[in-house]
Structure formats: structure tokens, C-alpha cells
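Have a look at entry25.cif below; it lists mmCIF, C-alpha atoms; chains and numbers go by the auth columns.
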```
data_work
#
loop_
_atom_site.group_PDB
_atom_site.id
_atom_site.type_symbol
_atom_site.label_atom_id
_atom_site.label_comp_id
_atom_site.label_asym_id
_atom_site.label_seq_id
_atom_site.Cartn_x
_atom_site.Cartn_y
_atom_site.Cartn_z
_atom_site.B_iso_or_equiv
_atom_site.auth_seq_id
_atom_site.auth_asym_id
ATOM 1 C CA THR A 1 -254.907 82.289 -20.537 0.00 1 A
ATOM 2 C CA GLN A 2 -257.639 83.589 -22.816 0.00 2 A
ATOM 3 C CA ARG A 3 -260.460 82.742 -20.376 0.00 3 A
ATOM 4 C CA LEU A 4 -258.632 84.438 -17.513 0.00 4 A
ATOM 5 C CA THR A 5 -257.847 87.529 -19.566 0.00 5 A
ATOM 6 C CA ALA A 6 -261.421 87.689 -20.913 0.00 6 A
ATOM 7 C CA LYS A 7 -262.882 87.591 -17.387 0.00 7 A
ATOM 8 C CA ILE A 8 -260.546 90.308 -16.181 0.00 8 A
ATOM 9 C CA GLU A 9 -261.284 92.483 -19.221 0.00 9 A
ATOM 10 C CA GLU A 10 -265.013 91.962 -18.655 0.00 10 A
ATOM 11 C CA ALA A 11 -264.628 93.126 -15.047 0.00 11 A
ATOM 12 C CA LEU A 12 -262.597 96.159 -16.067 0.00 12 A
ATOM 13 C CA VAL A 13 -265.030 97.242 -18.782 0.00 13 A
ATOM 14 C CA GLY A 14 -268.107 96.768 -16.612 0.00 14 A
ATOM 15 C CA ALA A 15 -266.651 98.209 -13.404 0.00 15 A
ATOM 16 C CA GLY A 16 -269.145 97.430 -10.690 0.00 16 A
ATOM 17 C CA ALA A 17 -270.795 94.596 -12.638 0.00 17 A
ATOM 18 C CA LYS A 18 -270.862 91.174 -10.968 0.00 18 A
ATOM 19 C CA VAL A 19 -267.985 89.396 -12.692 0.00 19 A
ATOM 20 C CA ALA A 20 -265.907 86.887 -10.770 0.00 20 A
ATOM 21 C CA LEU A 21 -262.440 85.571 -11.478 0.00 21 A
ATOM 22 C CA ASN A 22 -262.105 81.784 -11.158 0.00 22 A
ATOM 23 C CA PRO A 23 -258.427 80.813 -10.977 0.00 23 A
ATOM 24 C CA HIS A 24 -259.207 77.074 -11.124 0.00 24 A
ATOM 25 C CA ALA A 25 -257.168 75.226 -13.766 0.00 25 A
ATOM 26 C CA VAL A 26 -255.048 78.297 -14.586 0.00 26 A
ATOM 27 C CA SER A 27 -251.345 77.470 -14.557 0.00 27 A
ATOM 28 C CA ASN A 28 -249.169 78.958 -11.855 0.00 28 A
ATOM 29 C CA ARG A 29 -247.132 81.074 -14.263 0.00 29 A
ATOM 30 C CA VAL A 30 -250.099 82.334 -16.293 0.00 30 A
ATOM 31 C CA LEU A 31 -252.035 83.221 -13.146 0.00 31 A
ATOM 32 C CA THR A 32 -249.163 85.129 -11.549 0.00 32 A
ATOM 33 C CA GLU A 33 -248.048 87.010 -14.668 0.00 33 A
ATOM 34 C CA THR A 34 -251.636 87.899 -15.631 0.00 34 A
ATOM 35 C CA LEU A 35 -252.382 89.160 -12.125 0.00 35 A
ATOM 36 C CA ARG A 36 -249.281 91.333 -12.270 0.00 36 A
ATOM 37 C CA GLN A 37 -250.197 92.678 -15.711 0.00 37 A
ATOM 38 C CA TYR A 38 -253.646 93.728 -14.532 0.00 38 A
ATOM 39 C CA ALA A 39 -252.536 94.963 -11.097 0.00 39 A
ATOM 40 C CA GLN A 40 -250.569 97.667 -12.971 0.00 40 A
ATOM 41 C CA SER A 41 -252.232 101.071 -12.735 0.00 41 A
ATOM 42 C CA VAL A 42 -253.394 102.686 -15.964 0.00 42 A
ATOM 43 C CA PRO A 43 -253.238 106.495 -16.340 0.00 43 A
ATOM 44 C CA GLY A 44 -256.751 107.936 -16.333 0.00 44 A
ATOM 45 C CA ALA A 45 -258.361 104.637 -15.271 0.00 45 A
ATOM 46 C CA ASP A 46 -259.748 103.893 -11.832 0.00 46 A
ATOM 47 C CA ARG A 47 -258.860 100.935 -9.658 0.00 47 A
ATOM 48 C CA VAL A 48 -261.268 98.023 -10.008 0.00 48 A
ATOM 49 C CA ASP A 49 -261.713 95.290 -7.404 0.00 49 A
ATOM 50 C CA ILE A 50 -262.709 91.983 -9.006 0.00 50 A
ATOM 51 C CA ALA A 51 -264.555 89.243 -7.143 0.00 51 A
ATOM 52 C CA VAL A 52 -262.884 85.836 -6.774 0.00 52 A
ATOM 53 C CA GLU A 53 -264.991 82.688 -6.905 0.00 53 A
ATOM 54 C CA TYR A 54 -263.548 79.191 -6.960 0.00 54 A
ATOM 55 C CA GLY A 55 -264.874 76.162 -8.817 0.00 55 A
ATOM 56 C CA ASP A 56 -266.180 74.718 -5.540 0.00 56 A
ATOM 57 C CA GLY A 57 -268.528 77.727 -5.211 0.00 57 A
ATOM 58 C CA SER A 58 -266.600 79.367 -2.391 0.00 58 A
ATOM 59 C CA THR A 59 -265.562 83.009 -2.617 0.00 59 A
ATOM 60 C CA ALA A 60 -262.541 84.992 -1.507 0.00 60 A
ATOM 61 C CA ALA A 61 -261.869 88.665 -0.942 0.00 61 A
ATOM 62 C CA SER A 62 -261.834 90.799 -4.063 0.00 62 A
ATOM 63 C CA LEU A 63 -258.593 91.420 -5.898 0.00 63 A
ATOM 64 C CA PRO A 64 -257.478 95.023 -6.615 0.00 64 A
ATOM 65 C CA LEU A 65 -256.649 95.632 -10.274 0.00 65 A
ATOM 66 C CA ARG A 66 -255.191 98.780 -11.867 0.00 66 A
ATOM 67 C CA ALA A 67 -253.869 99.555 -8.407 0.00 67 A
ATOM 68 C CA LEU A 68 -250.048 99.609 -8.491 0.00 68 A
ATOM 69 C CA ALA A 69 -247.423 101.693 -10.272 0.00 69 A
ATOM 70 C CA PHE A 70 -244.750 99.070 -10.872 0.00 70 A
ATOM 71 C CA SER A 71 -241.120 100.061 -11.212 0.00 71 A
ATOM 72 C CA GLN A 72 -239.644 99.215 -14.588 0.00 72 A
ATOM 73 C CA GLY A 73 -236.057 99.713 -13.457 0.00 73 A
ATOM 74 C CA PRO A 74 -233.508 97.216 -12.201 0.00 74 A
ATOM 75 C CA LEU A 75 -233.979 95.413 -8.904 0.00 75 A
ATOM 76 C CA PRO A 76 -232.759 97.367 -5.895 0.00 76 A
ATOM 77 C CA ASP A 77 -229.713 96.318 -3.882 0.00 77 A
ATOM 78 C CA TRP A 78 -231.759 94.829 -1.028 0.00 78 A
ATOM 79 C CA PRO A 79 -231.289 91.640 0.975 0.00 79 A
ATOM 80 C CA VAL A 80 -232.808 88.573 -0.722 0.00 80 A
ATOM 81 C CA LEU A 81 -234.917 85.881 0.929 0.00 81 A
ATOM 82 C CA LYS A 82 -235.775 82.758 -1.063 0.00 82 A
ATOM 83 C CA PHE A 83 -238.926 80.765 -0.356 0.00 83 A
ATOM 84 C CA THR A 84 -240.807 77.870 -1.823 0.00 84 A
ATOM 85 C CA LEU A 85 -244.517 78.646 -1.750 0.00 85 A
ATOM 86 C CA LEU A 86 -245.519 75.392 0.007 0.00 86 A
ATOM 87 C CA SER A 87 -243.475 73.110 2.236 0.00 87 A
ATOM 88 C CA VAL A 88 -242.978 69.431 1.444 0.00 88 A
ATOM 89 C CA ARG A 89 -244.197 69.799 -2.142 0.00 89 A
ATOM 90 C CA HIS A 90 -240.822 69.803 -3.880 0.00 90 A
ATOM 91 C CA VAL A 91 -238.150 68.814 -1.379 0.00 91 A
ATOM 92 C CA GLU A 92 -235.569 68.775 -4.166 0.00 92 A
ATOM 93 C CA MET A 93 -235.709 72.596 -3.982 0.00 93 A
ATOM 94 C CA ASP A 94 -234.728 72.713 -0.304 0.00 94 A
ATOM 95 C CA HIS A 95 -231.106 73.525 -1.120 0.00 95 A
ATOM 96 C CA LEU A 96 -232.224 76.570 -3.172 0.00 96 A
ATOM 97 C CA VAL A 97 -234.450 78.260 -0.601 0.00 97 A
ATOM 98 C CA ASP A 98 -234.278 79.733 2.884 0.00 98 A
ATOM 99 C CA GLY A 99 -237.640 78.255 3.844 0.00 99 A
ATOM 100 C CA ALA A 100 -241.255 77.637 2.906 0.00 100 A
ATOM 101 C CA TRP A 101 -243.772 80.486 2.881 0.00 101 A
ATOM 102 C CA PHE A 102 -246.693 78.216 3.816 0.00 102 A
ATOM 103 C CA ARG A 103 -246.798 74.925 5.663 0.00 103 A
ATOM 104 C CA ASN A 104 -248.394 72.473 3.245 0.00 104 A
ATOM 105 C CA LEU A 105 -250.326 70.865 6.106 0.00 105 A
ATOM 106 C CA ARG A 106 -251.968 74.208 6.932 0.00 106 A
ATOM 107 C CA ILE A 107 -252.791 75.260 3.361 0.00 107 A
ATOM 108 C CA SER A 108 -253.533 72.044 1.419 0.00 108 A
ATOM 109 C CA ARG A 109 -256.480 70.782 3.456 0.00 109 A
ATOM 110 C CA LYS A 110 -258.661 68.327 1.550 0.00 110 A
ATOM 111 C CA GLY A 111 -262.340 69.185 1.614 0.00 111 A
ATOM 112 C CA THR A 112 -261.751 72.764 2.771 0.00 112 A
ATOM 113 C CA PRO A 113 -263.392 75.373 0.524 0.00 113 A
ATOM 114 C CA HIS A 114 -260.774 77.114 -1.616 0.00 114 A
ATOM 115 C CA GLY A 115 -262.102 80.523 -0.595 0.00 115 A
ATOM 116 C CA LEU A 116 -261.243 79.722 3.020 0.00 116 A
ATOM 117 C CA ILE A 117 -257.775 78.488 2.048 0.00 117 A
ATOM 118 C CA ASP A 118 -257.279 81.689 0.033 0.00 118 A
ATOM 119 C CA ALA A 119 -258.296 83.745 3.100 0.00 119 A
ATOM 120 C CA ASP A 120 -255.829 81.829 5.290 0.00 120 A
ATOM 121 C CA ALA A 121 -253.069 82.326 2.704 0.00 121 A
ATOM 122 C CA PHE A 122 -253.840 86.051 2.610 0.00 122 A
ATOM 123 C CA ALA A 123 -253.784 86.393 6.411 0.00 123 A
ATOM 124 C CA ILE A 124 -250.543 84.432 6.787 0.00 124 A
ATOM 125 C CA SER A 125 -248.908 86.344 3.935 0.00 125 A
ATOM 126 C CA SER A 126 -249.996 89.743 5.249 0.00 126 A
ATOM 127 C CA ALA A 127 -248.481 88.974 8.654 0.00 127 A
ATOM 128 C CA GLN A 128 -245.244 87.628 7.178 0.00 128 A
ATOM 129 C CA LEU A 129 -244.864 90.571 4.797 0.00 129 A
ATOM 130 C CA ALA A 130 -245.353 92.960 7.743 0.00 130 A
ATOM 131 C CA ARG A 131 -242.595 91.188 9.701 0.00 131 A
ATOM 132 C CA ILE A 132 -240.240 91.317 6.734 0.00 132 A
ATOM 133 C CA ARG A 133 -241.075 94.973 6.057 0.00 133 A
ATOM 134 C CA ALA A 134 -240.397 95.876 9.701 0.00 134 A
ATOM 135 C CA ARG A 135 -236.781 94.720 9.325 0.00 135 A
ATOM 136 C CA CYS A 136 -235.875 96.387 6.016 0.00 136 A
ATOM 137 C CA PRO A 137 -236.924 96.502 2.355 0.00 137 A
ATOM 138 C CA THR A 138 -236.396 92.986 1.004 0.00 138 A
ATOM 139 C CA ILE A 139 -236.491 91.054 -2.252 0.00 139 A
ATOM 140 C CA ILE A 140 -238.463 87.822 -1.962 0.00 140 A
ATOM 141 C CA GLU A 141 -237.689 85.192 -4.573 0.00 141 A
ATOM 142 C CA MET A 142 -240.784 82.992 -4.577 0.00 142 A
ATOM 143 C CA TYR A 143 -240.217 79.517 -6.005 0.00 143 A
ATOM 144 C CA GLN A 144 -243.846 78.784 -6.745 0.00 144 A
ATOM 145 C CA THR A 145 -245.989 75.723 -6.905 0.00 145 A
ATOM 146 C CA GLY A 146 -249.350 75.838 -8.604 0.00 146 A
ATOM 147 C CA PHE A 147 -251.948 75.609 -5.837 0.00 147 A
ATOM 148 C CA GLN A 148 -254.244 78.445 -6.960 0.00 148 A
ATOM 149 C CA PRO A 149 -255.753 79.441 -3.570 0.00 149 A
ATOM 150 C CA ALA A 150 -252.236 79.829 -2.146 0.00 150 A
ATOM 151 C CA VAL A 151 -251.061 81.836 -5.160 0.00 151 A
ATOM 152 C CA MET A 152 -254.140 84.103 -5.036 0.00 152 A
ATOM 153 C CA GLY A 153 -253.923 84.698 -1.280 0.00 153 A
ATOM 154 C CA PHE A 154 -250.202 85.414 -1.467 0.00 154 A
ATOM 155 C CA TYR A 155 -250.419 87.905 -4.345 0.00 155 A
ATOM 156 C CA ARG A 156 -253.493 89.638 -2.899 0.00 156 A
ATOM 157 C CA ALA A 157 -251.365 90.221 0.227 0.00 157 A
ATOM 158 C CA VAL A 158 -248.477 91.473 -1.928 0.00 158 A
ATOM 159 C CA ILE A 159 -250.776 93.920 -3.723 0.00 159 A
ATOM 160 C CA HIS A 160 -252.105 95.265 -0.410 0.00 160 A
ATOM 161 C CA ALA A 161 -248.598 95.490 1.070 0.00 161 A
ATOM 162 C CA LEU A 162 -247.401 97.474 -1.950 0.00 162 A
ATOM 163 C CA LEU A 163 -250.483 99.717 -1.846 0.00 163 A
ATOM 164 C CA ASP A 164 -250.035 100.493 1.846 0.00 164 A
ATOM 165 C CA HIS A 165 -246.208 100.548 1.896 0.00 165 A
ATOM 166 C CA PRO A 166 -244.798 101.276 -1.583 0.00 166 A
ATOM 167 C CA GLY A 167 -241.182 100.291 -2.029 0.00 167 A
ATOM 168 C CA SER A 168 -241.156 98.049 1.036 0.00 168 A
ATOM 169 C CA VAL A 169 -240.838 94.675 -0.656 0.00 169 A
ATOM 170 C CA CYS A 170 -240.116 93.229 -4.076 0.00 170 A
ATOM 171 C CA VAL A 171 -241.407 89.797 -5.084 0.00 171 A
ATOM 172 C CA VAL A 172 -239.710 87.950 -7.916 0.00 172 A
ATOM 173 C CA PRO A 173 -241.627 84.824 -8.957 0.00 173 A
ATOM 174 C CA LYS A 174 -239.587 81.789 -9.978 0.00 174 A
ATOM 175 C CA TYR A 175 -241.195 79.141 -12.181 0.00 175 A
ATOM 176 C CA PHE A 176 -239.890 75.597 -12.571 0.00 176 A
ATOM 177 C CA VAL A 177 -239.004 74.800 -16.181 0.00 177 A
ATOM 178 C CA GLY A 178 -237.345 71.497 -17.026 0.00 178 A
ATOM 179 C CA GLU A 179 -234.039 71.494 -15.164 0.00 179 A
ATOM 180 C CA GLY A 180 -234.147 75.013 -13.730 0.00 180 A
ATOM 181 C CA PHE A 181 -236.223 78.086 -13.005 0.00 181 A
ATOM 182 C CA ASP A 182 -237.405 81.049 -15.073 0.00 182 A
ATOM 183 C CA LYS A 183 -237.704 84.432 -13.432 0.00 183 A
ATOM 184 C CA GLY A 184 -241.058 86.194 -13.695 0.00 184 A
ATOM 185 C CA ALA A 185 -241.753 89.908 -13.756 0.00 185 A
ATOM 186 C CA ALA A 186 -240.853 91.630 -10.471 0.00 186 A
ATOM 187 C CA TRP A 187 -243.590 93.018 -8.249 0.00 187 A
ATOM 188 C CA LEU A 188 -241.880 96.253 -7.166 0.00 188 A
ATOM 189 C CA THR A 189 -243.242 99.729 -6.586 0.00 189 A
ATOM 190 C CA THR A 190 -241.419 102.937 -5.756 0.00 190 A
#
```
Represent the structure contained in this file as C-alpha cells.
Amino acid sequence: TQRLTAKIEEALVGAGAKVALNPHAVSNRVLTETLRQYAQSVPGADRVDIAVEYGDGSTAASLPLRALAFSQGPLPDWPVLKFTLLSVRHVEMDHLVDGAWFRNLRISRKGTPHGLIDADAFAISSAQLARIRARCPTIIEMYQTGFQPAVMGFYRAVIHALLDHPGSVCVVPKYFVGEGFDKGAAWLTT
């Protein structure tokens, strides 16, 4: 947590300086909640796009920080779709979800640079969020697994969807804890 936060703070202080975020070895929950914390806009502060570089040396598209005005109110009365982030990872969750966001076979490719996997996750997520948005505003409960390139690509797509179409989708992360799931902070703009 401290390394991730320190890198983000370094990028925010030295806006424009070459600082890259490396999500390798950051837990699923810490990564998601920290990204949300820093995606929140700050009055009087400009948006900063931080570079993403994985431990394998590959890079991904930059991540917008200080970009979104999150709603602090209750969740809206929208339809809810429940997804596991990756298929076939935790089949015991199948009864809880409506489907898998990513096919594990497509995303978890051994030997593929993580930056490329992140880019695929972003492209798939952007397309799926557009399809969901076209139907109606929706709450997505995301039962997450901890594959960092998938998490980064998904939340980069969420940030861009909320920037381009505020109030169109709400993502509620769900984290496995012991026998059940904890709810993370909602990604919702107005």
C-alpha cells in the first residue's frame, strides 16, 4: 500500500515528470481502493495522467487521476448486473454472478506482456461498458480476482466511461473475505 501510494503521490506532485505506477504484487483490494481514492477530483487541482509500467517491462496506457467527481450519496435504484472478473477462476462463485467479465483464456495468457493484457482488458471493458450504457444506467457488482493487468484495464475503462458519460454506470467492487464478500467503495458519478 505504501509503495503504491508513494508512487502516485510522486506523480501528482511532479505532474509531467516520468513516474510510472507498477501494480505488480499489489493486492486486488488495495489496488482498486487506491485507484478510486486517487481518481477522485480535487478542487483547484488539475487532472494528472500517470504512466503504467509492469514488472515485465511492458507499458500500458496512462491512468487518469484527479479526474472524477464521485457521488457520496446512496446507490441509485438501477438494475444490477453481477460479474466475476475472470471466468473459471473461482467456479464456486458461479451461483452469485450473472456471468464473467473476461474469459480467463483470453486474459490470462502465459508469456504475454502484461501491458498487452492490460490493453486487451481495457478494450474489452470499454466495449462492454458501452453496450451496458446503451441499454440503461446500471450498477455492476464486480466480484474481483487479483490479476493486476485485468484490474487495471477494467478500471481504466470505468474511469473513461465515467469521464465521457457521467452517471451512466456504477461499479461496486466485491472482495472475497473468508466465507463471504466485502463491498468496496462505489465508482459512481453524477
Check your understanding: For the file shown, what are the residues hit by the PyMOL selection byres ((chain A and resi 146) around 9), laid out as a list of chain:residue names?
Key -> A:Val26, A:Ser27, A:Asn28, A:Arg29, A:Leu85, A:Gln144, A:Thr145, A:Phe147, A:Gln148, A:Pro149, A:Ala150, A:Val151
Contact check, stretch 61-135 of chain A to stretch 5-23 of chain A, at most 12 Å, counting all atoms listed in the file, closest pairs as a Markdown table:
```
| residue | atom | partner | partner_atom | distance |
| --- | --- | --- | --- | --- |
| A:Ala61 | CA | A:Ala20 | CA | 10.8 |
| A:Ser62 | CA | A:Ala20 | CA | 8.8 |
| A:Leu63 | CA | A:Leu21 | CA | 9.0 |
| A:Pro64 | CA | A:Leu12 | CA | 10.8 |
| A:Leu65 | CA | A:Leu12 | CA | 8.3 |
| A:Arg66 | CA | A:Leu12 | CA | 8.9 |
| A:His114 | CA | A:Pro23 | CA | 10.3 |
| A:Gly115 | CA | A:Asn22 | CA | 10.6 |
| A:Asp118 | CA | A:Pro23 | CA | 11.1 |
```
Counting all atoms listed in the file, give me one row per residue of stretch 50-140 of chain A with an atom at most 8 Å from an atom of stretch 162-175 of chain A, showing the shortest contact pair and its distance in Å to one decimal, sorted by chain then residue number, as CSV.
```
residue,atom,partner,partner_atom,distance
A:Ala67,CA,A:Leu163,CA,7.4
A:Leu68,CA,A:Leu163,CA,6.7
A:Leu129,CA,A:Val169,CA,7.9
A:Arg133,CA,A:Ser168,CA,5.9
A:Cys136,CA,A:Ser168,CA,7.4
A:Pro137,CA,A:Ser168,CA,4.7
A:Thr138,CA,A:Val169,CA,5.0
A:Ile139,CA,A:Cys170,CA,4.6
A:Ile140,CA,A:Val171,CA,4.7
```
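Around A:Asp56, within 8 Å and counting all atoms listed in the file, the residues found are Tyr54, Ser58, Pro113 and His114 of chain A, once anything fewer than 2 positions away on its own chain is removed.
Take atom CA of A:Ala186 and atom CA of A:Glu33: the distance between them is 9.5 Å.
For the pair atom CA of A:Phe102 and atom CA of A:Thr32, the interatomic distance is 17.0 Å.
Pairwise distance (atom CA of A:Gly57, atom CA of A:Ile117) equals 13.0 Å.
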Point to revise | Selection result for the PyMOL selection byres ((chain A and resi 122) around 10) on this file, as a list in words | key: Ala60, Ala61, Leu116, Ile117, Asp118, Ala119, Asp120, Ala121, Ala123, Ile124, Ser125, Ser126, Ala127, Gln128, Pro149, Ala150, Val151, Met152, Gly153, Phe154, Tyr155, Arg156, Ala157, Val158 and His160 of chain A
Study note, to complete from the structure: Closest of A:Val177, A:Ala25, A:Met142, A:Leu105 to A:Lys82, counting only C-alpha atoms, is A:Met142
**Study point:** Residues selected by the PyMOL selection byres ((chain A and resi 73) around 10), written as number ranges by chain
**Key:** A: 70-72, 74-76, 186, 188-190
Can you write stretch 115-126 of chain A from the block above with all heavy atoms, as a PDB file, in the first residue's frame?
```pdb
ATOM      1  N   GLY A 115       1.410  -5.435 -20.198  1.00  0.00           N
ATOM      2  CA  GLY A 115       0.891  -4.219 -20.832  1.00  0.00           C
ATOM      3  C   GLY A 115      -0.088  -4.538 -21.957  1.00  0.00           C
ATOM      4  O   GLY A 115      -1.081  -3.840 -22.131  1.00  0.00           O
ATOM      5  N   LEU A 116       0.183  -5.596 -22.698  1.00  0.00           N
ATOM      6  CA  LEU A 116      -0.716  -6.024 -23.767  1.00  0.00           C
ATOM      7  C   LEU A 116      -2.015  -6.596 -23.195  1.00  0.00           C
ATOM      8  O   LEU A 116      -3.107  -6.317 -23.697  1.00  0.00           O
ATOM      9  CB  LEU A 116      -0.031  -7.054 -24.662  1.00  0.00           C
ATOM     10  CG  LEU A 116      -0.819  -7.560 -25.863  1.00  0.00           C
ATOM     11  CD1 LEU A 116      -1.255  -6.419 -26.757  1.00  0.00           C
ATOM     12  CD2 LEU A 116       0.005  -8.575 -26.647  1.00  0.00           C
ATOM     13  N   ILE A 117      -1.903  -7.365 -22.122  1.00  0.00           N
ATOM     14  CA  ILE A 117      -3.096  -7.902 -21.465  1.00  0.00           C
ATOM     15  C   ILE A 117      -3.948  -6.758 -20.919  1.00  0.00           C
ATOM     16  O   ILE A 117      -5.170  -6.748 -21.072  1.00  0.00           O
ATOM     17  CB  ILE A 117      -2.707  -8.893 -20.342  1.00  0.00           C
ATOM     18  CG1 ILE A 117      -2.052 -10.136 -20.955  1.00  0.00           C
ATOM     19  CG2 ILE A 117      -3.919  -9.273 -19.506  1.00  0.00           C
ATOM     20  CD1 ILE A 117      -1.418 -11.072 -19.935  1.00  0.00           C
ATOM     21  N   ASP A 118      -3.303  -5.775 -20.312  1.00  0.00           N
ATOM     22  CA  ASP A 118      -3.991  -4.587 -19.803  1.00  0.00           C
ATOM     23  C   ASP A 118      -4.739  -3.896 -20.944  1.00  0.00           C
ATOM     24  O   ASP A 118      -5.910  -3.529 -20.814  1.00  0.00           O
ATOM     25  CB  ASP A 118      -2.952  -3.665 -19.166  1.00  0.00           C
ATOM     26  CG  ASP A 118      -3.483  -2.361 -18.619  1.00  0.00           C
ATOM     27  OD1 ASP A 118      -4.310  -1.708 -19.272  1.00  0.00           O
ATOM     28  OD2 ASP A 118      -3.027  -1.954 -17.533  1.00  0.00           O
ATOM     29  N   ALA A 119      -4.077  -3.735 -22.099  1.00  0.00           N
ATOM     30  CA  ALA A 119      -4.711  -3.084 -23.251  1.00  0.00           C
ATOM     31  C   ALA A 119      -5.925  -3.878 -23.733  1.00  0.00           C
ATOM     32  O   ALA A 119      -6.964  -3.292 -24.071  1.00  0.00           O
ATOM     33  CB  ALA A 119      -3.704  -2.910 -24.386  1.00  0.00           C
ATOM     34  N   ASP A 120      -5.805  -5.204 -23.775  1.00  0.00           N
ATOM     35  CA  ASP A 120      -6.941  -6.046 -24.154  1.00  0.00           C
ATOM     36  C   ASP A 120      -8.083  -5.890 -23.154  1.00  0.00           C
ATOM     37  O   ASP A 120      -9.249  -5.777 -23.536  1.00  0.00           O
ATOM     38  CB  ASP A 120      -6.541  -7.522 -24.236  1.00  0.00           C
ATOM     39  CG  ASP A 120      -5.724  -7.854 -25.469  1.00  0.00           C
ATOM     40  OD1 ASP A 120      -5.650  -7.015 -26.390  1.00  0.00           O
ATOM     41  OD2 ASP A 120      -5.153  -8.963 -25.506  1.00  0.00           O
ATOM     42  N   ALA A 121      -7.750  -5.900 -21.861  1.00  0.00           N
ATOM     43  CA  ALA A 121      -8.774  -5.746 -20.822  1.00  0.00           C
ATOM     44  C   ALA A 121      -9.472  -4.400 -20.949  1.00  0.00           C
ATOM     45  O   ALA A 121     -10.698  -4.304 -20.788  1.00  0.00           O
ATOM     46  CB  ALA A 121      -8.141  -5.904 -19.437  1.00  0.00           C
ATOM     47  N   PHE A 122      -8.722  -3.360 -21.264  1.00  0.00           N
ATOM     48  CA  PHE A 122      -9.303  -2.031 -21.457  1.00  0.00           C
ATOM     49  C   PHE A 122     -10.252  -2.018 -22.661  1.00  0.00           C
ATOM     50  O   PHE A 122     -11.375  -1.514 -22.572  1.00  0.00           O
ATOM     51  CB  PHE A 122      -8.198  -0.988 -21.638  1.00  0.00           C
ATOM     52  CG  PHE A 122      -8.714   0.372 -21.990  1.00  0.00           C
ATOM     53  CD1 PHE A 122      -9.299   1.183 -21.029  1.00  0.00           C
ATOM     54  CD2 PHE A 122      -8.629   0.854 -23.290  1.00  0.00           C
ATOM     55  CE1 PHE A 122      -9.799   2.442 -21.344  1.00  0.00           C
ATOM     56  CE2 PHE A 122      -9.110   2.103 -23.625  1.00  0.00           C
ATOM     57  CZ  PHE A 122      -9.694   2.898 -22.649  1.00  0.00           C
ATOM     58  N   ALA A 123      -9.806  -2.580 -23.780  1.00  0.00           N
ATOM     59  CA  ALA A 123     -10.633  -2.590 -24.991  1.00  0.00           C
ATOM     60  C   ALA A 123     -11.919  -3.386 -24.785  1.00  0.00           C
ATOM     61  O   ALA A 123     -13.011  -2.927 -25.149  1.00  0.00           O
ATOM     62  CB  ALA A 123      -9.837  -3.156 -26.171  1.00  0.00           C
ATOM     63  N   ILE A 124     -11.801  -4.562 -24.196  1.00  0.00           N
ATOM     64  CA  ILE A 124     -12.981  -5.392 -23.930  1.00  0.00           C
ATOM     65  C   ILE A 124     -13.927  -4.666 -22.981  1.00  0.00           C
ATOM     66  O   ILE A 124     -15.142  -4.617 -23.212  1.00  0.00           O
ATOM     67  CB  ILE A 124     -12.554  -6.761 -23.332  1.00  0.00           C
ATOM     68  CG1 ILE A 124     -11.815  -7.594 -24.389  1.00  0.00           C
ATOM     69  CG2 ILE A 124     -13.756  -7.519 -22.780  1.00  0.00           C
ATOM     70  CD1 ILE A 124     -11.051  -8.780 -23.808  1.00  0.00           C
ATOM     71  N   SER A 125     -13.376  -4.093 -21.924  1.00  0.00           N
ATOM     72  CA  SER A 125     -14.203  -3.402 -20.929  1.00  0.00           C
ATOM     73  C   SER A 125     -14.886  -2.184 -21.513  1.00  0.00           C
ATOM     74  O   SER A 125     -16.064  -1.932 -21.236  1.00  0.00           O
ATOM     75  CB  SER A 125     -13.351  -2.994 -19.716  1.00  0.00           C
ATOM     76  OG  SER A 125     -12.852  -4.138 -19.071  1.00  0.00           O
ATOM     77  N   SER A 126     -14.174  -1.421 -22.322  1.00  0.00           N
ATOM     78  CA  SER A 126     -14.772  -0.226 -22.942  1.00  0.00           C
ATOM     79  C   SER A 126     -15.969  -0.617 -23.802  1.00  0.00           C
ATOM     80  O   SER A 126     -17.023   0.025 -23.744  1.00  0.00           O
ATOM     81  CB  SER A 126     -13.730   0.513 -23.785  1.00  0.00           C
ATOM     82  OG  SER A 126     -12.705   1.018 -22.958  1.00  0.00           O
TER      83      SER A 126
END
```
